[in-house]
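Novice: input.tsv is the file, holding TSV, N, CA, C and O atoms:
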```tsv
chain	number	residue	atom	x	y	z
A	1	MET	N	-7.43	23.49	-8.36
A	1	MET	CA	-6.05	23.13	-8.09
A	1	MET	C	-5.37	22.83	-9.43
A	1	MET	O	-5.94	22.17	-10.28
A	2	ASP	N	-4.16	23.31	-9.58
A	2	ASP	CA	-3.45	23.05	-10.83
A	2	ASP	C	-2.88	21.62	-10.82
A	2	ASP	O	-2.70	21.02	-9.76
A	3	PRO	N	-2.62	21.03	-11.98
A	3	PRO	CA	-2.17	19.64	-12.07
A	3	PRO	C	-0.87	19.35	-11.32
A	3	PRO	O	-0.72	18.28	-10.73
A	4	VAL	N	0.08	20.28	-11.31
A	4	VAL	CA	1.35	20.04	-10.62
A	4	VAL	C	1.13	19.94	-9.11
A	4	VAL	O	1.65	19.04	-8.45
A	5	THR	N	0.32	20.84	-8.57
A	5	THR	CA	0.02	20.79	-7.14
A	5	THR	C	-0.71	19.49	-6.80
A	5	THR	O	-0.42	18.85	-5.79
A	6	GLY	N	-1.64	19.10	-7.65
A	6	GLY	CA	-2.36	17.84	-7.44
A	6	GLY	C	-1.42	16.65	-7.42
A	6	GLY	O	-1.55	15.75	-6.58
A	7	ALA	N	-0.47	16.64	-8.34
A	7	ALA	CA	0.50	15.53	-8.40
A	7	ALA	C	1.38	15.50	-7.15
A	7	ALA	O	1.64	14.44	-6.59
A	8	ILE	N	1.82	16.68	-6.70
A	8	ILE	CA	2.68	16.74	-5.51
A	8	ILE	C	1.91	16.27	-4.27
A	8	ILE	O	2.42	15.48	-3.48
A	9	ILE	N	0.69	16.75	-4.12
A	9	ILE	CA	-0.12	16.34	-2.97
A	9	ILE	C	-0.41	14.85	-3.02
A	9	ILE	O	-0.32	14.15	-2.01
A	10	GLY	N	-0.74	14.34	-4.21
A	10	GLY	CA	-1.00	12.91	-4.36
A	10	GLY	C	0.21	12.06	-4.02
A	10	GLY	O	0.10	11.04	-3.32
A	11	ALA	N	1.37	12.46	-4.49
A	11	ALA	CA	2.60	11.70	-4.23
A	11	ALA	C	2.94	11.70	-2.75
A	11	ALA	O	3.23	10.65	-2.16
A	12	ALA	N	2.90	12.87	-2.14
A	12	ALA	CA	3.23	12.97	-0.71
A	12	ALA	C	2.23	12.20	0.14
A	12	ALA	O	2.62	11.47	1.07
A	13	GLY	N	0.96	12.34	-0.18
A	13	GLY	CA	-0.07	11.64	0.58
A	13	GLY	C	0.07	10.14	0.49
A	13	GLY	O	-0.06	9.42	1.47
A	14	ALA	N	0.36	9.64	-0.70
A	14	ALA	CA	0.49	8.20	-0.90
A	14	ALA	C	1.68	7.64	-0.12
A	14	ALA	O	1.59	6.58	0.51
A	15	VAL	N	2.81	8.35	-0.14
A	15	VAL	CA	4.00	7.87	0.57
A	15	VAL	C	3.77	7.86	2.08
A	15	VAL	O	4.17	6.93	2.78
A	16	VAL	N	3.08	8.86	2.59
A	16	VAL	CA	2.81	8.94	4.02
A	16	VAL	C	1.79	7.89	4.44
A	16	VAL	O	1.92	7.26	5.50
A	17	LEU	N	0.78	7.68	3.62
A	17	LEU	CA	-0.31	6.78	4.00
A	17	LEU	C	-0.05	5.30	3.74
A	17	LEU	O	-0.72	4.45	4.32
A	18	ALA	N	0.91	4.95	2.90
A	18	ALA	CA	1.17	3.54	2.61
A	18	ALA	C	1.51	2.73	3.86
A	18	ALA	O	0.90	1.69	4.11
A	19	PRO	N	2.44	3.18	4.71
A	19	PRO	CA	2.73	2.42	5.93
A	19	PRO	C	1.54	2.37	6.89
A	19	PRO	O	1.31	1.37	7.56
A	20	VAL	N	0.77	3.45	6.93
A	20	VAL	CA	-0.41	3.49	7.79
A	20	VAL	C	-1.43	2.46	7.32
A	20	VAL	O	-2.01	1.73	8.13
A	21	ALA	N	-1.62	2.39	6.01
A	21	ALA	CA	-2.57	1.42	5.45
A	21	ALA	C	-2.13	-0.02	5.75
A	21	ALA	O	-2.96	-0.86	6.10
A	22	LEU	N	-0.84	-0.29	5.64
A	22	LEU	CA	-0.35	-1.64	5.95
A	22	LEU	C	-0.65	-2.02	7.40
A	22	LEU	O	-1.12	-3.12	7.67
A	23	GLY	N	-0.38	-1.11	8.31
A	23	GLY	CA	-0.65	-1.37	9.72
A	23	GLY	C	-2.13	-1.53	10.00
A	23	GLY	O	-2.55	-2.37	10.80
A	24	THR	N	-2.94	-0.74	9.32
A	24	THR	CA	-4.39	-0.79	9.53
A	24	THR	C	-4.97	-2.13	9.13
A	24	THR	O	-5.86	-2.65	9.80
A	25	ILE	N	-4.48	-2.72	8.06
A	25	ILE	CA	-5.03	-4.01	7.64
A	25	ILE	C	-4.35	-5.19	8.34
A	25	ILE	O	-4.78	-6.33	8.16
A	26	GLY	N	-3.33	-4.92	9.16
A	26	GLY	CA	-2.76	-5.97	10.00
A	26	GLY	C	-1.35	-6.40	9.70
A	26	GLY	O	-0.85	-7.33	10.33
A	27	PHE	N	-0.67	-5.76	8.76
A	27	PHE	CA	0.74	-6.08	8.48
A	27	PHE	C	1.58	-5.15	9.34
A	27	PHE	O	1.87	-4.02	8.97
A	28	THR	N	1.98	-5.63	10.53
A	28	THR	CA	2.68	-4.78	11.49
A	28	THR	C	4.15	-5.18	11.62
A	28	THR	O	4.56	-6.24	11.14
A	29	SER	N	4.91	-4.35	12.32
A	29	SER	CA	6.33	-4.66	12.54
A	29	SER	C	6.51	-5.88	13.45
A	29	SER	O	7.56	-6.51	13.42
A	30	ALA	N	5.50	-6.21	14.21
A	30	ALA	CA	5.56	-7.39	15.09
A	30	ALA	C	5.01	-8.65	14.43
A	30	ALA	O	4.99	-9.71	15.04
A	31	GLY	N	4.59	-8.53	13.18
A	31	GLY	CA	4.02	-9.67	12.47
A	31	GLY	C	2.58	-9.39	12.09
A	31	GLY	O	2.09	-8.28	12.23
A	32	ILE	N	1.90	-10.42	11.64
A	32	ILE	CA	0.51	-10.27	11.22
A	32	ILE	C	-0.38	-10.27	12.45
A	32	ILE	O	-0.29	-11.15	13.29
A	33	ALA	N	-1.24	-9.26	12.55
A	33	ALA	CA	-2.12	-9.11	13.70
A	33	ALA	C	-3.25	-10.14	13.64
A	33	ALA	O	-3.88	-10.34	12.60
A	34	ALA	N	-3.50	-10.79	14.77
A	34	ALA	CA	-4.55	-11.80	14.85
A	34	ALA	C	-5.91	-11.17	14.58
A	34	ALA	O	-6.20	-10.07	15.02
A	35	GLY	N	-6.74	-11.88	13.81
A	35	GLY	CA	-8.09	-11.43	13.53
A	35	GLY	C	-8.20	-10.33	12.50
A	35	GLY	O	-9.29	-9.82	12.25
A	36	SER	N	-7.11	-9.94	11.89
A	36	SER	CA	-7.11	-8.83	10.93
A	36	SER	C	-7.34	-9.34	9.51
A	36	SER	O	-7.35	-10.55	9.25
A	37	LEU	N	-7.51	-8.40	8.60
A	37	LEU	CA	-7.61	-8.74	7.19
A	37	LEU	C	-6.34	-9.45	6.73
A	37	LEU	O	-6.40	-10.41	5.95
A	38	ALA	N	-5.20	-9.01	7.24
A	38	ALA	CA	-3.93	-9.66	6.88
A	38	ALA	C	-3.92	-11.12	7.32
A	38	ALA	O	-3.42	-11.99	6.60
A	39	ALA	N	-4.48	-11.41	8.49
A	39	ALA	CA	-4.55	-12.79	8.98
A	39	ALA	C	-5.43	-13.64	8.06
A	39	ALA	O	-5.11	-14.80	7.77
A	40	LYS	N	-6.53	-13.07	7.60
A	40	LYS	CA	-7.41	-13.79	6.68
A	40	LYS	C	-6.72	-14.04	5.35
A	40	LYS	O	-6.86	-15.12	4.77
A	41	MET	N	-5.97	-13.04	4.88
A	41	MET	CA	-5.22	-13.20	3.63
A	41	MET	C	-4.17	-14.30	3.77
A	41	MET	O	-4.00	-15.13	2.88
A	42	MET	N	-3.48	-14.30	4.91
A	42	MET	CA	-2.45	-15.31	5.14
A	42	MET	C	-3.07	-16.70	5.22
A	42	MET	O	-2.51	-17.67	4.68
A	43	SER	N	-4.20	-16.82	5.88
A	43	SER	CA	-4.88	-18.10	5.99
A	43	SER	C	-5.27	-18.62	4.61
A	43	SER	O	-5.03	-19.79	4.29
A	44	ALA	N	-5.84	-17.76	3.78
A	44	ALA	CA	-6.24	-18.18	2.43
A	44	ALA	C	-5.03	-18.57	1.60
A	44	ALA	O	-5.07	-19.56	0.86
A	45	ALA	N	-3.94	-17.82	1.72
A	45	ALA	CA	-2.73	-18.13	0.96
A	45	ALA	C	-2.12	-19.46	1.42
A	45	ALA	O	-1.64	-20.24	0.60
A	46	THR	N	-2.18	-19.71	2.71
A	46	THR	CA	-1.64	-20.96	3.26
A	46	THR	C	-2.42	-22.16	2.75
A	46	THR	O	-1.84	-23.16	2.34
A	47	VAL	N	-3.74	-22.05	2.77
A	47	VAL	CA	-4.59	-23.14	2.29
A	47	VAL	C	-4.35	-23.36	0.79
A	47	VAL	O	-4.21	-24.49	0.33
A	48	ALA	N	-4.29	-22.27	0.03
A	48	ALA	CA	-4.11	-22.37	-1.42
A	48	ALA	C	-2.77	-22.99	-1.80
A	48	ALA	O	-2.66	-23.63	-2.84
A	49	ASN	N	-1.76	-22.77	-0.96
A	49	ASN	CA	-0.42	-23.28	-1.27
A	49	ASN	C	-0.07	-24.57	-0.53
A	49	ASN	O	1.09	-24.94	-0.46
A	50	GLY	N	-1.06	-25.21	0.05
A	50	GLY	CA	-0.83	-26.50	0.69
A	50	GLY	C	-0.06	-26.43	1.99
A	50	GLY	O	0.69	-27.33	2.33
A	51	GLY	N	-0.20	-25.34	2.76
A	51	GLY	CA	0.39	-25.28	4.08
A	51	GLY	C	1.45	-24.22	4.30
A	51	GLY	O	2.00	-24.13	5.38
A	52	GLY	N	1.77	-23.44	3.32
A	52	GLY	CA	2.77	-22.39	3.50
A	52	GLY	C	2.47	-21.20	2.60
A	52	GLY	O	1.76	-21.33	1.61
A	53	VAL	N	3.01	-20.07	2.97
A	53	VAL	CA	2.87	-18.87	2.14
A	53	VAL	C	4.02	-18.84	1.16
A	53	VAL	O	5.19	-18.92	1.56
A	54	ALA	N	3.70	-18.73	-0.11
A	54	ALA	CA	4.74	-18.74	-1.15
A	54	ALA	C	5.59	-17.47	-1.09
A	54	ALA	O	5.06	-16.38	-0.91
A	55	ALA	N	6.90	-17.66	-1.24
A	55	ALA	CA	7.80	-16.51	-1.30
A	55	ALA	C	7.45	-15.67	-2.52
A	55	ALA	O	7.18	-16.19	-3.59
A	56	GLY	N	7.41	-14.35	-2.32
A	56	GLY	CA	7.10	-13.45	-3.42
A	56	GLY	C	5.62	-13.23	-3.65
A	56	GLY	O	5.24	-12.47	-4.52
A	57	SER	N	4.78	-13.92	-2.86
A	57	SER	CA	3.33	-13.73	-3.01
A	57	SER	C	2.93	-12.37	-2.44
A	57	SER	O	3.71	-11.70	-1.77
A	58	VAL	N	1.71	-11.97	-2.72
A	58	VAL	CA	1.22	-10.68	-2.22
A	58	VAL	C	1.32	-10.62	-0.70
A	58	VAL	O	1.79	-9.63	-0.13
A	59	VAL	N	0.92	-11.68	-0.03
A	59	VAL	CA	0.97	-11.72	1.44
A	59	VAL	C	2.41	-11.59	1.93
A	59	VAL	O	2.71	-10.83	2.85
A	60	ALA	N	3.33	-12.30	1.30
A	60	ALA	CA	4.74	-12.25	1.71
A	60	ALA	C	5.33	-10.86	1.51
A	60	ALA	O	6.05	-10.34	2.38
A	61	VAL	N	5.03	-10.25	0.39
A	61	VAL	CA	5.56	-8.91	0.10
A	61	VAL	C	4.99	-7.88	1.07
A	61	VAL	O	5.73	-7.04	1.61
A	62	LEU	N	3.67	-7.94	1.31
A	62	LEU	CA	3.07	-6.99	2.25
A	62	LEU	C	3.58	-7.20	3.67
A	62	LEU	O	3.80	-6.23	4.40
A	63	GLN	N	3.78	-8.44	4.07
A	63	GLN	CA	4.31	-8.69	5.41
A	63	GLN	C	5.73	-8.16	5.54
A	63	GLN	O	6.10	-7.58	6.55
A	64	SER	N	6.52	-8.33	4.51
A	64	SER	CA	7.88	-7.81	4.52
A	64	SER	C	7.87	-6.29	4.64
A	64	SER	O	8.62	-5.71	5.43
A	65	ALA	N	6.99	-5.64	3.90
A	65	ALA	CA	6.89	-4.18	3.97
A	65	ALA	C	6.38	-3.74	5.34
A	65	ALA	O	6.85	-2.74	5.89
A	66	GLY	N	5.44	-4.48	5.91
A	66	GLY	CA	4.93	-4.15	7.23
A	66	GLY	C	5.97	-4.33	8.31
A	66	GLY	O	6.06	-3.53	9.26
A	67	ALA	N	6.80	-5.36	8.19
A	67	ALA	CA	7.80	-5.66	9.20
A	67	ALA	C	9.02	-4.75	9.11
A	67	ALA	O	9.53	-4.27	10.11
A	68	ALA	N	9.50	-4.52	7.90
A	68	ALA	CA	10.75	-3.78	7.72
A	68	ALA	C	10.54	-2.35	7.25
A	68	ALA	O	11.49	-1.58	7.19
A	69	GLY	N	9.33	-2.00	6.89
A	69	GLY	CA	9.07	-0.68	6.33
A	69	GLY	C	9.08	-0.74	4.82
A	69	GLY	O	9.55	-1.70	4.23
A	70	VAL	N	8.56	0.28	4.22
A	70	VAL	CA	8.47	0.34	2.77
A	70	VAL	C	9.84	0.75	2.21
A	70	VAL	O	10.41	1.74	2.65
A	71	SER	N	10.34	-0.01	1.26
A	71	SER	CA	11.67	0.27	0.68
A	71	SER	C	11.65	1.52	-0.17
A	71	SER	O	10.60	2.05	-0.52
A	72	GLY	N	12.82	1.97	-0.55
A	72	GLY	CA	12.93	3.14	-1.41
A	72	GLY	C	12.27	2.94	-2.75
A	72	GLY	O	11.58	3.81	-3.26
A	73	ALA	N	12.45	1.75	-3.33
A	73	ALA	CA	11.83	1.45	-4.62
A	73	ALA	C	10.32	1.42	-4.49
A	73	ALA	O	9.60	1.94	-5.35
A	74	ALA	N	9.82	0.82	-3.42
A	74	ALA	CA	8.38	0.77	-3.21
A	74	ALA	C	7.83	2.17	-2.95
A	74	ALA	O	6.75	2.52	-3.43
A	75	SER	N	8.57	2.98	-2.21
A	75	SER	CA	8.14	4.36	-1.97
A	75	SER	C	8.06	5.14	-3.27
A	75	SER	O	7.13	5.92	-3.49
A	76	ALA	N	9.02	4.90	-4.16
A	76	ALA	CA	9.00	5.58	-5.45
A	76	ALA	C	7.79	5.15	-6.28
A	76	ALA	O	7.13	5.98	-6.92
A	77	ALA	N	7.49	3.86	-6.25
A	77	ALA	CA	6.32	3.36	-6.99
A	77	ALA	C	5.03	3.92	-6.43
A	77	ALA	O	4.14	4.34	-7.17
A	78	VAL	N	4.93	3.94	-5.11
A	78	VAL	CA	3.74	4.49	-4.45
A	78	VAL	C	3.62	5.98	-4.75
A	78	VAL	O	2.53	6.49	-5.03
A	79	ALA	N	4.73	6.70	-4.71
A	79	ALA	CA	4.71	8.13	-5.02
A	79	ALA	C	4.27	8.38	-6.45
A	79	ALA	O	3.48	9.29	-6.72
A	80	GLY	N	4.74	7.56	-7.37
A	80	GLY	CA	4.34	7.71	-8.77
A	80	GLY	C	2.86	7.48	-8.96
A	80	GLY	O	2.18	8.23	-9.67
A	81	ALA	N	2.34	6.44	-8.32
A	81	ALA	CA	0.90	6.16	-8.42
A	81	ALA	C	0.10	7.28	-7.78
A	81	ALA	O	-0.92	7.73	-8.32
A	82	GLY	N	0.54	7.75	-6.62
A	82	GLY	CA	-0.15	8.84	-5.95
A	82	GLY	C	-0.12	10.12	-6.76
A	82	GLY	O	-1.11	10.86	-6.82
A	83	ALA	N	1.01	10.38	-7.40
A	83	ALA	CA	1.12	11.58	-8.24
A	83	ALA	C	0.16	11.50	-9.41
A	83	ALA	O	-0.49	12.49	-9.76
A	84	ALA	N	0.06	10.31	-10.01
A	84	ALA	CA	-0.86	10.15	-11.14
A	84	ALA	C	-2.30	10.37	-10.71
A	84	ALA	O	-3.07	11.06	-11.39
A	85	VAL	N	-2.67	9.81	-9.57
A	85	VAL	CA	-4.03	10.00	-9.07
A	85	VAL	C	-4.28	11.46	-8.73
A	85	VAL	O	-5.34	12.02	-9.05
A	86	GLY	N	-3.32	12.10	-8.06
A	86	GLY	CA	-3.46	13.52	-7.73
A	86	GLY	C	-3.57	14.39	-8.97
A	86	GLY	O	-4.36	15.33	-9.01
A	87	TRP	N	-2.77	14.08	-9.98
A	87	TRP	CA	-2.82	14.83	-11.23
A	87	TRP	C	-4.18	14.69	-11.89
A	87	TRP	O	-4.79	15.67	-12.31
A	88	LEU	N	-4.68	13.45	-11.97
A	88	LEU	CA	-6.00	13.22	-12.57
A	88	LEU	C	-7.11	13.89	-11.76
A	88	LEU	O	-8.04	14.47	-12.32
A	89	ALA	N	-7.00	13.82	-10.43
A	89	ALA	CA	-8.02	14.43	-9.58
A	89	ALA	C	-8.05	15.94	-9.72
A	89	ALA	O	-9.09	16.57	-9.50
A	90	SER	N	-6.93	16.54	-10.12
A	90	SER	CA	-6.90	18.00	-10.26
A	90	SER	C	-7.80	18.49	-11.40
A	90	SER	O	-8.16	19.66	-11.44
A	91	PHE	N	-8.19	17.61	-12.30
A	91	PHE	CA	-9.06	17.98	-13.41
A	91	PHE	C	-10.54	17.89	-13.05
A	91	PHE	O	-11.39	18.33	-13.82
A	92	ILE	N	-10.86	17.29	-11.91
A	92	ILE	CA	-12.25	17.16	-11.49
A	92	ILE	C	-12.66	18.44	-10.78
A	92	ILE	O	-12.03	18.87	-9.83
A	93	ARG	N	-13.70	19.02	-11.22
A	93	ARG	CA	-14.17	20.28	-10.63
A	93	ARG	C	-15.55	20.12	-10.09
A	93	ARG	O	-16.42	19.58	-10.54
```
Kindly transcribe the structure held in the file into structure tokens.
Specialist:
Amino acid sequence: MDPVTGAIIGAAGAVVLAPVALGTIGFTSAGIAAGSLAAKMMSAATVANGGGVAAGSVVAVLQSAGAAGVSGAASAAVAGAGAAVGWLASFIR
């Protein structure tokens, strides 16, 4: 596979799979799923912060993305990372 095709496939795959990955680990549009990895992350963050999840923390950002969807800026960042991985993977034979 040539590097450009690898980058395109990587970018598209990352953008499509990011929301799926969020839902799979428990960050859903209805909130954090009970018993999920997201619930464990939230519990740890709550204990670490003395009873609440800090605004801007990893858990807060992922929950926001899970509830409202991935923003345009986040999609661009994910696409860039996916493109880089796809480009690098195109050199593996």
Novice: Within 12 Å of Gly80 of chain A, counting only C-alpha atoms, which residues show up once you throw out same-chain ones fewer than 6 positions away? Write them as a list in words, please.
Specialist: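 Once the adjacent positions are removed, what remains is Ala7, Ile8, Ile9, Gly10, Ala11, Ala12, Gly13, Ala14, Val15, Ala73, Ala74, Gly86 and Trp87 of chain A.
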Novice: Figure out the distance between atom CA of Val78 of chain A and atom CA of Ala55 of chain A, please, to one decimal in Å.
Specialist: 21.6 Å
Novice: If DSSP is run on the backbone, what residues of chain A are strand (DSSP E or B)? A reply as a PyMOL selection string would be ideal.
Specialist: chain A and resi 27-28+31-32
Novice: Kindly give the distance, in Å, that separates atom CA of Ala67 of chain A and atom O of Ala44 of chain A, rounded to a single decimal.
Specialist: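 Value for the atom CA of Ala67 of chain A-atom O of Ala44 of chain A distance: 20.7 Å.
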Novice: Rounded to one decimal place, report the atom N of Ala84 of chain A-atom C of Gly6 of chain A distance in Å.
Specialist: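 Here the two named atoms are 7.0 Å from each other.
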Novice: I'd like the box whose edges run along x, y and z of the file and which contains every listed atom of segment 9-23 of chain A, padded by 3 Å per side; could you state its centre and edge lengths in Å, one decimal, as lines of an AutoDock Vina configuration file?
Specialist:
```
center_x = 0.6
center_y = 6.8
center_z = 3.2
size_x = 13.1
size_y = 25.9
size_z = 21.3
```
Novice: So, with all atoms listed in the file as the atoms that count, which of A:Val47, A:Ala83, A:Ala65, A:Ala89 lies closest to Thr28 of chain A?
Specialist: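 Using all atoms listed in the file, Thr28 of chain A sits closest to A:Ala65.
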Novice: Which residues in segment 4-60 of chain A does DSSP call helix (DSSP H, G or I)? List them as a compact mmCIF listing (two decimals) with N, CA, C and O atoms, in the frame of the given file.
Specialist:
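Contents of states_7.txt, as written:
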```txt
# COMPACT_ATOMS: atom_id res chain seq x y z
N VAL A 4 0.08 20.28 -11.31
CA VAL A 4 1.35 20.04 -10.62
C VAL A 4 1.13 19.94 -9.11
O VAL A 4 1.65 19.04 -8.45
N THR A 5 0.32 20.84 -8.57
CA THR A 5 0.02 20.79 -7.14
C THR A 5 -0.71 19.49 -6.80
O THR A 5 -0.42 18.85 -5.79
N GLY A 6 -1.64 19.10 -7.65
CA GLY A 6 -2.36 17.84 -7.44
C GLY A 6 -1.42 16.65 -7.42
O GLY A 6 -1.55 15.75 -6.58
N ALA A 7 -0.47 16.64 -8.34
CA ALA A 7 0.50 15.53 -8.40
C ALA A 7 1.38 15.50 -7.15
O ALA A 7 1.64 14.44 -6.59
N ILE A 8 1.82 16.68 -6.70
CA ILE A 8 2.68 16.74 -5.51
C ILE A 8 1.91 16.27 -4.27
O ILE A 8 2.42 15.48 -3.48
N ILE A 9 0.69 16.75 -4.12
CA ILE A 9 -0.12 16.34 -2.97
C ILE A 9 -0.41 14.85 -3.02
O ILE A 9 -0.32 14.15 -2.01
N GLY A 10 -0.74 14.34 -4.21
CA GLY A 10 -1.00 12.91 -4.36
C GLY A 10 0.21 12.06 -4.02
O GLY A 10 0.10 11.04 -3.32
N ALA A 11 1.37 12.46 -4.49
CA ALA A 11 2.60 11.70 -4.23
C ALA A 11 2.94 11.70 -2.75
O ALA A 11 3.23 10.65 -2.16
N ALA A 12 2.90 12.87 -2.14
CA ALA A 12 3.23 12.97 -0.71
C ALA A 12 2.23 12.20 0.14
O ALA A 12 2.62 11.47 1.07
N GLY A 13 0.96 12.34 -0.18
CA GLY A 13 -0.07 11.64 0.58
C GLY A 13 0.07 10.14 0.49
O GLY A 13 -0.06 9.42 1.47
N ALA A 14 0.36 9.64 -0.70
CA ALA A 14 0.49 8.20 -0.90
C ALA A 14 1.68 7.64 -0.12
O ALA A 14 1.59 6.58 0.51
N VAL A 15 2.81 8.35 -0.14
CA VAL A 15 4.00 7.87 0.57
C VAL A 15 3.77 7.86 2.08
O VAL A 15 4.17 6.93 2.78
N VAL A 16 3.08 8.86 2.59
CA VAL A 16 2.81 8.94 4.02
C VAL A 16 1.79 7.89 4.44
O VAL A 16 1.92 7.26 5.50
N LEU A 17 0.78 7.68 3.62
CA LEU A 17 -0.31 6.78 4.00
C LEU A 17 -0.05 5.30 3.74
O LEU A 17 -0.72 4.45 4.32
N ALA A 18 0.91 4.95 2.90
CA ALA A 18 1.17 3.54 2.61
C ALA A 18 1.51 2.73 3.86
O ALA A 18 0.90 1.69 4.11
N PRO A 19 2.44 3.18 4.71
CA PRO A 19 2.73 2.42 5.93
C PRO A 19 1.54 2.37 6.89
O PRO A 19 1.31 1.37 7.56
N VAL A 20 0.77 3.45 6.93
CA VAL A 20 -0.41 3.49 7.79
C VAL A 20 -1.43 2.46 7.32
O VAL A 20 -2.01 1.73 8.13
N ALA A 21 -1.62 2.39 6.01
CA ALA A 21 -2.57 1.42 5.45
C ALA A 21 -2.13 -0.02 5.75
O ALA A 21 -2.96 -0.86 6.10
N LEU A 22 -0.84 -0.29 5.64
CA LEU A 22 -0.35 -1.64 5.95
C LEU A 22 -0.65 -2.02 7.40
O LEU A 22 -1.12 -3.12 7.67
N GLY A 23 -0.38 -1.11 8.31
CA GLY A 23 -0.65 -1.37 9.72
C GLY A 23 -2.13 -1.53 10.00
O GLY A 23 -2.55 -2.37 10.80
N THR A 24 -2.94 -0.74 9.32
CA THR A 24 -4.39 -0.79 9.53
C THR A 24 -4.97 -2.13 9.13
O THR A 24 -5.86 -2.65 9.80
N ILE A 25 -4.48 -2.72 8.06
CA ILE A 25 -5.03 -4.01 7.64
C ILE A 25 -4.35 -5.19 8.34
O ILE A 25 -4.78 -6.33 8.16
N LEU A 37 -7.51 -8.40 8.60
CA LEU A 37 -7.61 -8.74 7.19
C LEU A 37 -6.34 -9.45 6.73
O LEU A 37 -6.40 -10.41 5.95
N ALA A 38 -5.20 -9.01 7.24
CA ALA A 38 -3.93 -9.66 6.88
C ALA A 38 -3.92 -11.12 7.32
O ALA A 38 -3.42 -11.99 6.60
N ALA A 39 -4.48 -11.41 8.49
CA ALA A 39 -4.55 -12.79 8.98
C ALA A 39 -5.43 -13.64 8.06
O ALA A 39 -5.11 -14.80 7.77
N LYS A 40 -6.53 -13.07 7.60
CA LYS A 40 -7.41 -13.79 6.68
C LYS A 40 -6.72 -14.04 5.35
O LYS A 40 -6.86 -15.12 4.77
N MET A 41 -5.97 -13.04 4.88
CA MET A 41 -5.22 -13.20 3.63
C MET A 41 -4.17 -14.30 3.77
O MET A 41 -4.00 -15.13 2.88
N MET A 42 -3.48 -14.30 4.91
CA MET A 42 -2.45 -15.31 5.14
C MET A 42 -3.07 -16.70 5.22
O MET A 42 -2.51 -17.67 4.68
N SER A 43 -4.20 -16.82 5.88
CA SER A 43 -4.88 -18.10 5.99
C SER A 43 -5.27 -18.62 4.61
O SER A 43 -5.03 -19.79 4.29
N ALA A 44 -5.84 -17.76 3.78
CA ALA A 44 -6.24 -18.18 2.43
C ALA A 44 -5.03 -18.57 1.60
O ALA A 44 -5.07 -19.56 0.86
N ALA A 45 -3.94 -17.82 1.72
CA ALA A 45 -2.73 -18.13 0.96
C ALA A 45 -2.12 -19.46 1.42
O ALA A 45 -1.64 -20.24 0.60
N THR A 46 -2.18 -19.71 2.71
CA THR A 46 -1.64 -20.96 3.26
C THR A 46 -2.42 -22.16 2.75
O THR A 46 -1.84 -23.16 2.34
N VAL A 47 -3.74 -22.05 2.77
CA VAL A 47 -4.59 -23.14 2.29
C VAL A 47 -4.35 -23.36 0.79
O VAL A 47 -4.21 -24.49 0.33
N ALA A 48 -4.29 -22.27 0.03
CA ALA A 48 -4.11 -22.37 -1.42
C ALA A 48 -2.77 -22.99 -1.80
O ALA A 48 -2.66 -23.63 -2.84
N VAL A 58 1.71 -11.97 -2.72
CA VAL A 58 1.22 -10.68 -2.22
C VAL A 58 1.32 -10.62 -0.70
O VAL A 58 1.79 -9.63 -0.13
N VAL A 59 0.92 -11.68 -0.03
CA VAL A 59 0.97 -11.72 1.44
C VAL A 59 2.41 -11.59 1.93
O VAL A 59 2.71 -10.83 2.85
N ALA A 60 3.33 -12.30 1.30
CA ALA A 60 4.74 -12.25 1.71
C ALA A 60 5.33 -10.86 1.51
O ALA A 60 6.05 -10.34 2.38
```
Novice: Would you pick out the contacts of Met42 of chain A at 8 Å or less, using all atoms listed in the file, so that residues sharing its chain but fewer than 6 positions from it are not included, and give the list as a ChimeraX atom specification?
Specialist: /A:36,48-49,51-54,59-60
Novice: Excluding Ile32 of chain A and any residue of its chain fewer than 6 positions from it, enumerate the residues within 12 Å of it, using only C-alpha atoms, and give them as a list in words.
Specialist: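 Residues meeting the cut-off are Leu22, Gly23, Thr24, Ile25, Gly26, Ala38, Ala39, Lys40, Met41, Met42, Ser43, Val59, Ala60, Leu62, Gln63, Ser64, Ala65, Gly66 and Ala67 of chain A.
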